[in-house]
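Engineer: So here's model.cif (mmCIF, C-alpha atoms).
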data_coords
#
loop_
_atom_site.label_atom_id
_atom_site.label_comp_id
_atom_site.auth_asym_id
_atom_site.auth_seq_id
_atom_site.Cartn_x
_atom_site.Cartn_y
_atom_site.Cartn_z
CA MET A 1 61.15 1.45 146.63
CA ALA A 2 59.29 -1.85 146.42
CA LEU A 3 61.00 -5.06 147.44
CA SER A 4 61.63 -7.53 144.66
CA ALA A 5 61.01 -11.26 144.61
CA THR A 6 63.83 -13.59 145.67
CA PRO A 7 64.70 -16.29 143.13
CA TYR A 8 65.38 -19.87 144.25
CA LYS A 9 67.03 -22.45 141.99
CA VAL A 10 65.34 -25.82 142.53
CA ASP A 11 66.58 -29.29 141.59
CA VAL A 12 64.25 -32.17 142.49
CA ASN A 13 64.80 -35.84 141.81
CA LEU A 14 61.20 -37.07 142.02
CA THR A 15 60.26 -40.70 142.52
CA ASP A 16 56.50 -40.97 142.97
CA LEU A 17 55.83 -44.66 143.49
CA ASP A 18 52.11 -44.03 143.99
CA ARG A 19 51.66 -42.61 140.47
CA ASN A 20 54.66 -44.14 138.67
CA VAL A 21 56.25 -40.74 138.04
CA TYR A 22 60.04 -40.59 137.81
CA GLU A 23 61.39 -37.16 136.87
CA THR A 24 64.36 -34.88 137.35
CA LEU A 25 62.96 -31.36 137.70
CA ARG A 26 65.00 -28.17 137.37
CA PHE A 27 63.36 -24.77 137.61
CA THR A 28 63.54 -21.37 139.24
CA VAL A 29 60.80 -20.22 141.57
CA ALA A 30 60.33 -16.71 142.94
CA ARG A 31 59.52 -16.02 146.57
CA HIS A 32 57.26 -12.98 146.93
CA PRO A 33 58.60 -10.39 149.43
CA SER A 34 55.68 -11.06 151.78
CA GLU A 35 55.93 -14.86 151.44
CA THR A 36 57.43 -16.95 154.23
CA GLU A 37 59.85 -19.82 153.63
CA GLU A 38 57.13 -22.16 154.93
CA ARG A 39 54.73 -21.02 152.23
CA LEU A 40 57.40 -21.39 149.57
CA CYS A 41 58.07 -24.95 150.81
CA ALA A 42 54.33 -25.66 150.78
CA ARG A 43 54.18 -24.49 147.14
CA LEU A 44 57.12 -26.74 146.26
CA ILE A 45 55.50 -29.71 148.03
CA ALA A 46 52.23 -29.03 146.17
CA TYR A 47 54.14 -28.92 142.89
CA ILE A 48 55.76 -32.27 143.69
CA LEU A 49 52.57 -33.86 145.03
CA TRP A 50 50.50 -33.03 141.93
CA TYR A 51 53.32 -32.89 139.40
CA SER A 52 52.47 -33.12 135.71
CA GLU A 53 54.35 -31.84 132.67
CA SER A 54 51.93 -28.97 132.18
CA LEU A 55 51.75 -27.85 135.84
CA ALA A 56 52.98 -24.28 136.26
CA PHE A 57 53.38 -21.77 139.06
CA GLY A 58 50.82 -18.96 139.08
CA ARG A 59 51.41 -15.45 140.31
CA GLY A 60 49.66 -16.39 143.56
CA LEU A 61 50.23 -13.59 146.07
CA SER A 62 50.81 -11.04 143.31
CA ASN A 63 47.49 -11.72 141.59
CA VAL A 64 44.42 -13.00 143.45
CA ASP A 65 42.87 -14.19 140.19
CA GLU A 66 45.58 -16.85 139.86
CA PRO A 67 46.39 -19.83 142.07
CA ALA A 68 49.71 -20.90 143.54
CA LEU A 69 49.86 -23.56 140.79
CA TRP A 70 47.73 -24.56 137.86
CA GLU A 71 47.46 -26.85 134.91
CA LYS A 72 45.83 -25.58 131.74
CA SER A 73 44.70 -27.35 128.60
CA LEU A 74 45.92 -26.29 125.18
CA ASP A 75 42.67 -24.37 124.63
CA GLY A 76 43.13 -22.38 127.85
CA ARG A 77 40.73 -24.24 130.16
CA VAL A 78 41.94 -24.62 133.73
CA LEU A 79 42.18 -28.35 134.37
CA HIS A 80 43.67 -28.20 137.87
CA TRP A 81 43.74 -25.20 140.21
CA ILE A 82 46.01 -25.62 143.27
CA GLU A 83 45.82 -23.32 146.27
CA VAL A 84 48.24 -23.24 149.22
CA GLY A 85 47.37 -21.94 152.69
CA LEU A 86 44.08 -21.45 154.49
CA PRO A 87 41.61 -19.76 152.13
CA ASP A 88 38.05 -19.06 153.18
CA ALA A 89 35.03 -20.95 151.83
CA GLU A 90 34.17 -18.16 149.40
CA ARG A 91 37.62 -18.39 147.79
CA LEU A 92 37.37 -22.18 147.38
CA THR A 93 33.87 -21.86 145.90
CA TRP A 94 35.11 -19.16 143.51
CA CYS A 95 38.04 -21.41 142.47
CA SER A 96 35.78 -24.44 141.98
CA ARG A 97 33.78 -22.53 139.36
CA ARG A 98 36.90 -21.76 137.34
CA ALA A 99 38.53 -25.18 137.14
CA GLU A 100 37.67 -28.80 136.54
CA ARG A 101 39.57 -29.79 139.69
CA VAL A 102 40.67 -27.76 142.72
CA SER A 103 43.24 -28.98 145.22
CA LEU A 104 44.25 -27.24 148.42
CA LEU A 105 47.39 -27.92 150.42
CA ALA A 106 46.54 -26.41 153.79
CA TYR A 107 49.16 -25.58 156.39
CA GLY A 108 49.27 -23.54 159.58
CA ARG A 109 46.38 -23.74 162.06
CA VAL A 110 44.57 -26.35 159.98
CA ASP A 111 42.58 -27.68 162.95
CA ILE A 112 40.81 -24.36 163.54
CA TRP A 113 40.39 -23.62 159.81
CA GLU A 114 39.04 -27.12 159.11
CA SER A 115 36.08 -26.83 161.47
CA LYS A 116 35.01 -23.50 159.95
CA VAL A 117 35.61 -23.98 156.22
CA LEU A 118 35.35 -27.67 155.31
CA PRO A 119 31.63 -28.06 156.10
CA ALA A 120 30.92 -25.12 153.77
CA VAL A 121 32.81 -26.66 150.82
CA ALA A 122 32.18 -30.38 151.36
CA SER A 123 29.43 -30.40 148.73
CA LEU A 124 31.80 -29.09 146.02
CA LYS A 125 32.63 -32.34 144.19
CA ASN A 126 35.74 -31.00 142.45
CA VAL A 127 37.50 -29.78 145.62
CA HIS A 128 40.21 -31.89 147.28
CA VAL A 129 41.92 -30.81 150.52
CA ALA A 130 45.07 -32.07 152.22
CA GLY A 131 46.67 -30.69 155.37
CA LEU A 132 50.40 -30.56 156.02
CA PRO A 133 51.71 -31.28 159.53
CA GLN A 134 53.08 -27.93 160.74
CA GLU A 135 56.15 -29.27 162.55
CA ALA A 136 57.33 -31.31 159.56
CA LEU A 137 56.85 -28.34 157.22
CA ALA A 138 58.74 -26.02 159.59
CA THR A 139 61.65 -28.47 159.74
CA VAL A 140 61.96 -28.65 155.95
CA ALA A 141 61.61 -24.86 155.60
CA ALA A 142 64.19 -24.02 158.28
CA ASN A 143 67.28 -22.37 156.76
CA LEU A 144 66.07 -22.96 153.22
CA PRO A 145 69.02 -22.38 150.85
CA ARG A 146 68.67 -20.34 147.67
CA ALA A 147 69.79 -23.42 145.73
CA ILE A 148 67.35 -26.16 146.77
CA ASN A 149 68.41 -29.71 146.00
CA TRP A 150 65.86 -32.33 147.03
CA ALA A 151 65.46 -36.01 146.39
CA VAL A 152 61.79 -36.82 146.96
CA MET A 153 60.18 -40.22 147.14
CA ILE A 154 56.42 -40.54 147.49
CA SER A 155 55.18 -43.88 148.76
CA ASP A 156 51.80 -44.77 150.28
CA GLY A 157 50.91 -41.06 150.46
CA SER A 158 54.03 -40.03 152.43
CA LEU A 159 56.74 -37.77 151.07
CA PHE A 160 60.32 -38.53 152.00
CA ILE A 161 62.40 -35.44 151.29
CA THR A 162 66.18 -35.72 151.43
CA ASP A 163 68.17 -32.48 151.47
CA GLU A 164 71.52 -31.31 152.87
CA ASN A 165 70.08 -31.49 156.41
CA GLY A 166 68.98 -35.14 156.19
CA GLN A 167 65.72 -36.91 155.49
CA HIS A 168 62.30 -35.54 156.40
CA GLU A 169 59.00 -37.41 156.29
CA ILE A 170 55.83 -35.48 155.54
CA THR A 171 52.49 -37.26 155.41
CA PRO A 172 49.66 -35.01 154.24
CA GLN A 173 46.37 -35.69 155.99
CA TRP A 174 43.51 -35.89 153.49
CA LEU A 175 40.66 -33.82 154.87
CA LEU A 176 38.39 -33.88 151.82
CA ARG A 177 38.68 -36.59 149.14
CA GLU A 178 42.03 -37.99 147.98
CA ARG A 179 44.92 -36.92 145.77
#
Let me see the structure of the file written as structure tokens.

Structural biologist:
Amino acid sequence: MALSATPYKVDVNLTDLDRNVYETLRFTVARHPSETEERLCARLIAYILWYSESLAFGRGLSNVDEPALWEKSLDGRVLHWIEVGLPDAERLTWCSRRAERVSLLAYGRVDIWESKVLPAVASLKNVHVAGLPQEALATVAANLPRAINWAVMISDGSLFITDENGQHEITPQWLLRER
């Protein structure tokens, strides 16, 4: 019998001072059986970082033809394709051909990945890459409750996430272009 996805109820009070976005977000997100809590947190951070009204979660791990997140136009064009993790250069090139803009939120062994992949995709003008500090991500992901309640403030590129365990600061490092 196949394992089923685990649903998480998410409430986010978002204050993005960098983009003048002030929203209260409520949604349910599914964690794939093979997905770690760190990856789920990285997807949530990507959603918050690039939030727009039309941004939606893709099937990600369940379907390789879809991203972790994406924004589509009313006529079906992919305006923004958002990946999470450490994809290879071929995957990023493939994504860049399918969307007007591609963003990657890298986490894990970004230092090793960066030296191998970034030179191969640096010429792709629509690709933007940010790396998450592993320790900060691990702290936020530790003991992640099924009912996530975050207050997030983004200021000068840093995310300040307040949850039941306190406040966490995460500053993505921009490796290729900016947000």

Engineer: At a cut-off of 9 Å, can you tabulate as JSON lines every residue of region 27-104 of chain A near region 118-123 of chain A together with its closest atom pair and the distance in Å to one decimal, using all atoms listed in the file and ordering rows by chain then number?

Structural biologist:
{"residue": "A:Ala89", "atom": "CA", "partner": "A:Ala120", "partner_atom": "CA", "distance": 6.2}
{"residue": "A:Glu90", "atom": "CA", "partner": "A:Val121", "partner_atom": "CA", "distance": 8.7}
{"residue": "A:Leu92", "atom": "CA", "partner": "A:Val121", "partner_atom": "CA", "distance": 7.3}
{"residue": "A:Thr93", "atom": "CA", "partner": "A:Val121", "partner_atom": "CA", "distance": 7.0}

Engineer: Kindly assemble as JSON lines a list of the region 26-85 of chain A residues that lie within 8 Å of region 95-108 of chain A, each paired with its nearest atom pair and their distance in Å to one decimal, using all atoms listed in the file, sorted first by chain and then by ascending residue number.

Structural biologist:
{"residue": "A:Ala42", "atom": "CA", "partner": "A:Leu105", "partner_atom": "CA", "distance": 7.3}
{"residue": "A:Ala46", "atom": "CA", "partner": "A:Leu105", "partner_atom": "CA", "distance": 6.5}
{"residue": "A:Arg77", "atom": "CA", "partner": "A:Ala99", "partner_atom": "CA", "distance": 7.4}
{"residue": "A:Val78", "atom": "CA", "partner": "A:Ala99", "partner_atom": "CA", "distance": 4.9}
{"residue": "A:Leu79", "atom": "CA", "partner": "A:Glu100", "partner_atom": "CA", "distance": 5.0}
{"residue": "A:His80", "atom": "CA", "partner": "A:Arg101", "partner_atom": "CA", "distance": 4.8}
{"residue": "A:Trp81", "atom": "CA", "partner": "A:Val102", "partner_atom": "CA", "distance": 4.7}
{"residue": "A:Ile82", "atom": "CA", "partner": "A:Ser103", "partner_atom": "CA", "distance": 4.8}
{"residue": "A:Glu83", "atom": "CA", "partner": "A:Leu104", "partner_atom": "CA", "distance": 4.7}
{"residue": "A:Val84", "atom": "CA", "partner": "A:Leu105", "partner_atom": "CA", "distance": 4.9}
{"residue": "A:Gly85", "atom": "CA", "partner": "A:Ala106", "partner_atom": "CA", "distance": 4.7}

Engineer: Considering all atoms listed in the file, state which residue in the set A:Leu86, A:Glu35, A:Ala30, A:Ser52 is at the smallest distance from Glu71 (chain A).

Structural biologist: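 Distance minimum relative to Glu71 (chain A) lands on A:Ser52.
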
Engineer: Could you work out how far CA of Arg177 (chain A) lies from CA of Lys125 (chain A), giving the answer in Å with one decimal?

Structural biologist: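 Separating CA of Lys125 (chain A) from CA of Arg177 (chain A) is a distance of 8.9 Å.
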
Engineer: What does the structure give for the distance between CA of Leu137 (chain A) and CA of Asn13 (chain A), in Å to one decimal?

Structural biologist: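 These atoms are spaced 18.9 Å apart.
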
Engineer: Expanded to explicit residues, what is the PyMOL selection byres ((chain A and resi 131) around 8) for this file, as a short mmCIF file (atom, residue, chain, number, x, y, z; two decimals) with C-alpha atoms, keeping the file's coordinate frame?

Structural biologist:
data_model
loop_
_atom_site.label_atom_id
_atom_site.label_comp_id
_atom_site.auth_asym_id
_atom_site.auth_seq_id
_atom_site.Cartn_x
_atom_site.Cartn_y
_atom_site.Cartn_z
CA LEU A 105 47.39 -27.92 150.42
CA ALA A 106 46.54 -26.41 153.79
CA TYR A 107 49.16 -25.58 156.39
CA VAL A 110 44.57 -26.35 159.98
CA VAL A 129 41.92 -30.81 150.52
CA ALA A 130 45.07 -32.07 152.22
CA LEU A 132 50.40 -30.56 156.02
CA PRO A 133 51.71 -31.28 159.53
CA PRO A 172 49.66 -35.01 154.24
CA GLN A 173 46.37 -35.69 155.99
CA TRP A 174 43.51 -35.89 153.49
CA LEU A 175 40.66 -33.82 154.87
#

Engineer: So which residues touch Ala147 (chain A) within 8 Å, counting only C-alpha atoms, skipping near sequence neighbours fewer than 5 positions away, as a PDB file with C-alpha atoms, in the frame of the given file?

Structural biologist:
ATOM      1  CA  TYR A   8      65.380 -19.870 144.250  1.00  0.00           C
ATOM      2  CA  LYS A   9      67.030 -22.450 141.990  1.00  0.00           C
ATOM      3  CA  VAL A  10      65.340 -25.820 142.530  1.00  0.00           C
ATOM      4  CA  ASP A  11      66.580 -29.290 141.590  1.00  0.00           C
TER       5      ASP A  11
END

Engineer: Between A:Ala136, A:Leu69, A:Ala141, A:Leu55, which has the minimum distance to Ser158 (chain A) (counting all atoms listed in the file)?

Structural biologist: A:Ala136

Engineer: What is the distance, in Å and to one decimal place, between CA of Val127 (chain A) and CA of Phe57 (chain A)?

Structural biologist: 19.0 Å
